[in-house]
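One structure below.
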Amino acid sequence: MALAAIHNGADAIFMGVPGFNARGRSYDFQIEEVKEIIETCHLYGVKVNLAFNILVFQNELSKAIDVLEKILPLKPDAFIIQDLGLVRLLRKMAPTQRIHGSTQMSISNAEAIQWLDDLGIQRFVLARENSLAEIQSIKKNTNKEIEVFVHGALCVSYSGQCFTSEGIGGRSANRGQCAQSCRFSYEMYVDGEKKDLNGKSFLVSPQDLCGINEVPGLIEAGVDCFKVEGRLKTPEYVATAARSFDDAISATQNGQSLSNLGQLKKQMASTYSRGFYSGWLHGVNHQKLVEGTFSSHRGFEFGKILHVRGSSLEVELNEDVFSQNLKSNFLQAGDGVLWVYKDAQGRSLEKGGFIFAAKATSDRRVELEFSREIQMDSLFVGARVFYNHDKDLKKDVSLSVEDKQRKKRIPVFIRAQASLGQPLKVEYSDGKNIVSAFSENLCEAAKNKGLSASDLQEELFALMGSPFRGDSFSCEIDPQTPLFLPHRQIKELRQQLVKQLTDLRILNGEERVVTPRAQLDEWLESEKSPGLQPQRPQLNLLLREKAQVEDLTEAIAKGELTSKGIHLVILDFEFGRDFESSLTMLRQQGLKVGLATTRILKPNEHRNIKHLQSLNPDAILARNLGAVQYLQAHGYQGQILGDFSLNVTNHLTAKYLLEKGLSSLCLGYDLNHVQVNELIQAGPSNHFEVTVYQYMPSFHMEHCVFAAFLSQGSSYRDCGKPCEKHEVKLKDQFGHWHQIKPDQECRNTMFNSTSQSAARYLKEWEGLGLGYIRYEALKERSSELITKIQAHVDFINGQKDLASLMKDLGNVESYGLSESHFQREKEYQSRKK
């Protein structure tokens, strides 16, 4: 795959750091393999960015240093990092090392980039959900490099904000163990009734991103680097994507348009495609992003079946395909196609096979003959047809890597100097490095024909077996006397210089300066804040509806519940209009009130956060770093609390966030109870919060399930707002229920309908000095809500034991109660390992 990238136009590759990467289901490299790939890439002038793009737990910091000590001497060009604590560690360990912020950081605004400026991150990979206009706005407001995904699979959830695999099967997407829950089939229930979706069941499975049409707009927006996703793909996928986007970039930079766009898309889609779409580059379109009837490879959709004749199909190319200069004669015997048709019951079915013969009857029509083993049916008429196997592609990609005429070769500039009584001097330069060598013998007066410039050029340009090619040649030969030098010595000079230049390119500059291990270990310890006395943690409540606030305040007013056991009530509402009245009600009962920001902040989305600040709450729960920067820059005087979405999993991250003004931090949802213990002990525990009761939020997505399947609208402008009228749940293929709730920017969060409790570990955390615990309500109302809150208050105060608490919770649960990620003792290991 690396060679396919190198020889088909890629400027850089990215690959996982052994043991610490977001590729838990794919092959994990050994250090020697990393070394070989880095050296090969550097030889050909291709950069290598190592993805260290997972969250690092407290007990893994030392292991991370072990791995970095082995990899830093290999001189990777950059590390792609999600974890802020790891950024700090690497900055301490190798101050000059280049760092890129991973898309797992959920960076979707310029404010977050500005807030992280002190970490010295040179490039940020933006969220896939940013549109062209938003990308341009971000780039205008930062001097950092911006990288954008342009091709490959789309996660339905914001990267870094997906806990579906964790909630369902203990497999953390933030640890590279994604179970691809977005590719599951789901049933949709609206207000308790199953919704007939006409055969659509893959309700959160986006089509694949193909942004090749958007290359000119992205370049105009100032994007510094285009990124192609390549998880679990083939060399053919890598090669076609690399050369297609290389062609698109070159054409744009030369002021030209691509004349073979259809051909490029056909080749890319035949290697892997769930259907190509521009993703979010043009903003949301809830009718286009998710097709809904399939979730795996189909290839390039190019036409429809017009007639079925014996063992043949007559197919007509679609207008959009034909308009991209693709004609029906592209189909050849041996290629593979697939067609999707409706059976007598209206269900979508697939059929396919290899073409036995192809005959173009016009530029748009072709007759395809198949083996008689494929049973034809009149139901195939009208079927959508996909091209999913190119018989020549595998050979073509192999040739691009192996054929000396097609392989990438580095241009060198060669200079030769020869004069009587002096050795022949030859220089090779690749534009960055210069190497020179002298012949063993001195140039003598020739008895017959002497050395000529053309003879020297021919021998010094004989580089076919090397990574180089002669690009230009200059020669200074003494014109007075014909010179002689054994031909063998000229050949040896060439071989010597090729080796020198090869070694110099592989060396790739100076050795990295790495901080000694003893200093690193000392620094790691100095960043801890342990030793706090045991204390009773304070209870924070999070409510999601105004009606829940009414239930709570009514219970307090009636004496059914005491406000003394509640430290803070946080409001996380779908509708901002309910904040002010709810805040008033709670303050009348003597309660402190916090308001939650949205999980994501994009350019031109400051209206909601301005509204929160104007209400002057006691605290604001910040769910993204852009919100933190905005609040601090605009003089908010209350406490800023960091939520779980900031992904705090080690003390280096925690200290960074707290020292920059956050008052408390809700620990990340990827931690089990042992890992929570270890982080609390590293402190400062009195500033930490753990969510001890909740319905786990799983997907957080730009895709709106309400608009996509309960309207014909493409966005909030024309969807009719079905989210305000209906309750929606999805039921997955395992029978698990998931409630869908929108936020103020119409983004959806999918919640696991089985609640989880960490009450069993609460006394242990109390002994370690944990500052806060959180109870999060989802849909509970009336007595169910008050019972759960009162049970937690009594448990904290020692008036109820664990068994009684769990009994009270279990008595009011509809779908059971679990300990979910807290009880996970071992890290998930893929069987593919």
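Quick note on naming: the chains in the structure tokens go A, B, ... in the order shown, residues restart at 1 in each chain, and ligands are numbered from 1 in order of appearance.
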
Just want the 9 Å neighbourhood of Phe795 (chain A), counted on only C-alpha atoms, with same-chain residues fewer than 5 positions away dropped. Output as a PDB file with all heavy atoms, in the first residue's frame.
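So the final result, stored in part34.pdb, reads:
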ATOM      1  N   ALA A 759     -22.501   3.239  40.640  1.00  0.00           N
ATOM      2  CA  ALA A 759     -22.664   3.404  42.084  1.00  0.00           C
ATOM      3  C   ALA A 759     -21.778   2.457  42.889  1.00  0.00           C
ATOM      4  O   ALA A 759     -21.332   2.790  43.991  1.00  0.00           O
ATOM      5  CB  ALA A 759     -24.130   3.199  42.464  1.00  0.00           C
ATOM      6  N   GLN A 790     -33.467  11.119  44.402  1.00  0.00           N
ATOM      7  CA  GLN A 790     -33.486  10.945  45.854  1.00  0.00           C
ATOM      8  C   GLN A 790     -32.633   9.751  46.270  1.00  0.00           C
ATOM      9  O   GLN A 790     -31.913   9.809  47.282  1.00  0.00           O
ATOM     10  CB  GLN A 790     -34.921  10.746  46.344  1.00  0.00           C
ATOM     11  CG  GLN A 790     -35.052  10.686  47.875  1.00  0.00           C
ATOM     12  CD  GLN A 790     -34.646  11.985  48.537  1.00  0.00           C
ATOM     13  OE1 GLN A 790     -35.229  13.034  48.243  1.00  0.00           O
ATOM     14  NE2 GLN A 790     -33.646  11.957  49.413  1.00  0.00           N
ATOM     15  N   LYS A 800     -28.574   5.296  52.528  1.00  0.00           N
ATOM     16  CA  LYS A 800     -29.050   4.156  51.736  1.00  0.00           C
ATOM     17  C   LYS A 800     -27.823   3.343  51.322  1.00  0.00           C
ATOM     18  O   LYS A 800     -26.791   3.913  50.935  1.00  0.00           O
ATOM     19  CB  LYS A 800     -29.817   4.659  50.503  1.00  0.00           C
ATOM     20  CG  LYS A 800     -30.528   3.575  49.701  1.00  0.00           C
ATOM     21  CD  LYS A 800     -31.192   4.166  48.469  1.00  0.00           C
ATOM     22  CE  LYS A 800     -32.372   5.059  48.800  1.00  0.00           C
ATOM     23  NZ  LYS A 800     -33.540   4.295  49.274  1.00  0.00           N
ATOM     24  N   ASP A 801     -27.922   2.003  51.421  1.00  0.00           N
ATOM     25  CA  ASP A 801     -26.783   1.190  51.011  1.00  0.00           C
ATOM     26  C   ASP A 801     -26.872   0.890  49.516  1.00  0.00           C
ATOM     27  O   ASP A 801     -27.845   1.216  48.841  1.00  0.00           O
ATOM     28  CB  ASP A 801     -26.699  -0.104  51.818  1.00  0.00           C
ATOM     29  CG  ASP A 801     -27.934  -0.994  51.667  1.00  0.00           C
ATOM     30  OD1 ASP A 801     -28.674  -0.847  50.671  1.00  0.00           O
ATOM     31  OD2 ASP A 801     -28.147  -1.848  52.543  1.00  0.00           O
ATOM     32  N   LEU A 802     -25.829   0.258  48.982  1.00  0.00           N
ATOM     33  CA  LEU A 802     -25.736   0.026  47.541  1.00  0.00           C
ATOM     34  C   LEU A 802     -26.880  -0.847  47.045  1.00  0.00           C
ATOM     35  O   LEU A 802     -27.467  -0.568  45.994  1.00  0.00           O
ATOM     36  CB  LEU A 802     -24.389  -0.629  47.209  1.00  0.00           C
ATOM     37  CG  LEU A 802     -24.145  -0.962  45.735  1.00  0.00           C
ATOM     38  CD1 LEU A 802     -24.155   0.295  44.887  1.00  0.00           C
ATOM     39  CD2 LEU A 802     -22.823  -1.728  45.582  1.00  0.00           C
ATOM     40  N   SER A 804     -29.863  -1.205  48.187  1.00  0.00           N
ATOM     41  CA  SER A 804     -31.124  -0.452  48.147  1.00  0.00           C
ATOM     42  C   SER A 804     -31.140   0.525  46.980  1.00  0.00           C
ATOM     43  O   SER A 804     -32.168   0.715  46.313  1.00  0.00           O
ATOM     44  CB  SER A 804     -31.327   0.303  49.463  1.00  0.00           C
ATOM     45  OG  SER A 804     -31.383  -0.579  50.553  1.00  0.00           O
ATOM     46  N   LEU A 805     -29.992   1.166  46.728  1.00  0.00           N
ATOM     47  CA  LEU A 805     -29.912   2.090  45.608  1.00  0.00           C
ATOM     48  C   LEU A 805     -30.186   1.368  44.297  1.00  0.00           C
ATOM     49  O   LEU A 805     -31.000   1.825  43.475  1.00  0.00           O
ATOM     50  CB  LEU A 805     -28.532   2.747  45.559  1.00  0.00           C
ATOM     51  CG  LEU A 805     -28.215   3.566  44.293  1.00  0.00           C
ATOM     52  CD1 LEU A 805     -29.135   4.770  44.182  1.00  0.00           C
ATOM     53  CD2 LEU A 805     -26.758   4.008  44.281  1.00  0.00           C
TER      54      LEU A 805
END

* Asked: So which bits of region 85-208 of chain A end up alpha helix (DSSP H) when you DSSP the backbone, as number ranges by chain?
  -> A: 85-93, 110-115, 132-140, 164-169

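Residues within 10 Å of Ser454 (chain A), counting only C-alpha atoms and excluding same-chain residues fewer than 5 positions away, are Glu459, Leu460, Phe473 and Cys475 of chain A.
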
* Find the residues near Ser783 (chain A): any atom within 12 Å, counting only C-alpha atoms, skip ones fewer than 4 places away on the same chain, and give them as number ranges by chain. => A: 548, 551-552, 554-555, 560-561, 787-791, 808-809, 811-812

Go ahead and write the residues just picked, N, CA and C atoms, as a short mmCIF file (atom, residue, chain, number, x, y, z; two decimals), in the first residue's frame.
data_model
loop_
_atom_site.label_atom_id
_atom_site.label_comp_id
_atom_site.auth_asym_id
_atom_site.auth_seq_id
_atom_site.Cartn_x
_atom_site.Cartn_y
_atom_site.Cartn_z
N GLN A 548 -38.78 18.34 33.21
CA GLN A 548 -37.99 17.73 34.29
C GLN A 548 -37.66 18.76 35.36
N ASP A 551 -40.72 19.13 37.42
CA ASP A 551 -40.85 18.00 38.35
C ASP A 551 -39.93 18.17 39.55
N LEU A 552 -38.68 18.57 39.29
CA LEU A 552 -37.70 18.72 40.36
C LEU A 552 -38.10 19.83 41.33
N GLU A 554 -40.98 21.19 41.83
CA GLU A 554 -42.23 20.86 42.52
C GLU A 554 -41.97 19.90 43.68
N ALA A 555 -41.09 18.92 43.45
CA ALA A 555 -40.76 17.95 44.50
C ALA A 555 -40.06 18.64 45.67
N GLU A 560 -40.67 16.71 49.09
CA GLU A 560 -40.40 15.33 48.71
C GLU A 560 -38.91 15.11 48.45
N LEU A 561 -38.18 16.20 48.23
CA LEU A 561 -36.77 16.15 47.90
C LEU A 561 -36.10 17.39 48.47
N THR A 787 -37.49 9.65 42.14
CA THR A 787 -37.01 8.44 42.83
C THR A 787 -35.51 8.25 42.59
N LYS A 788 -35.08 8.42 41.35
CA LYS A 788 -33.67 8.22 41.02
C LYS A 788 -32.78 9.28 41.68
N ILE A 789 -33.22 10.52 41.64
CA ILE A 789 -32.42 11.59 42.25
C ILE A 789 -32.32 11.38 43.76
N GLN A 790 -33.47 11.12 44.40
CA GLN A 790 -33.49 10.94 45.85
C GLN A 790 -32.63 9.75 46.27
N ALA A 791 -32.67 8.68 45.48
CA ALA A 791 -31.88 7.49 45.79
C ALA A 791 -30.39 7.82 45.79
N ASP A 808 -33.82 0.48 43.93
CA ASP A 808 -34.66 1.64 43.58
C ASP A 808 -34.53 1.99 42.10
N LEU A 809 -33.29 1.94 41.59
CA LEU A 809 -33.07 2.27 40.18
C LEU A 809 -33.69 1.20 39.28
N ASN A 811 -36.14 -0.75 39.82
CA ASN A 811 -37.60 -0.78 39.86
C ASN A 811 -38.26 0.16 38.86
N VAL A 812 -37.52 1.19 38.42
CA VAL A 812 -38.14 2.19 37.52
C VAL A 812 -37.51 2.16 36.12
#

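Straight-line separation from CA of Gln256 (chain A) to CA of Arg128 (chain A): 26.8 Å.
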
Where does region 494-533 of chain A meet region 45-56 of chain A within 12 Å, residue by residue, with the nearest atom pair and distance in Å to one decimal for each, counting only C-alpha atoms, listed by chain and rising number, as CSV?
residue,atom,partner,partner_atom,distance
A:Thr502,CA,A:Gly45,CA,10.9
A:Leu504,CA,A:Gly45,CA,11.6
A:Arg505,CA,A:Gly45,CA,7.8
A:Ile506,CA,A:Gly45,CA,9.2
A:Leu507,CA,A:Gly45,CA,11.7
A:Asn508,CA,A:Gly45,CA,9.6

* Asked: Which of these, A:Glu678, A:Asp794, A:Asp83, A:Glu147, has the shortest distance to Gln104 (chain A) once you count only C-alpha atoms?
  ->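 Of the candidates, the smallest distance to Gln104 (chain A) is held by A:Asp83.
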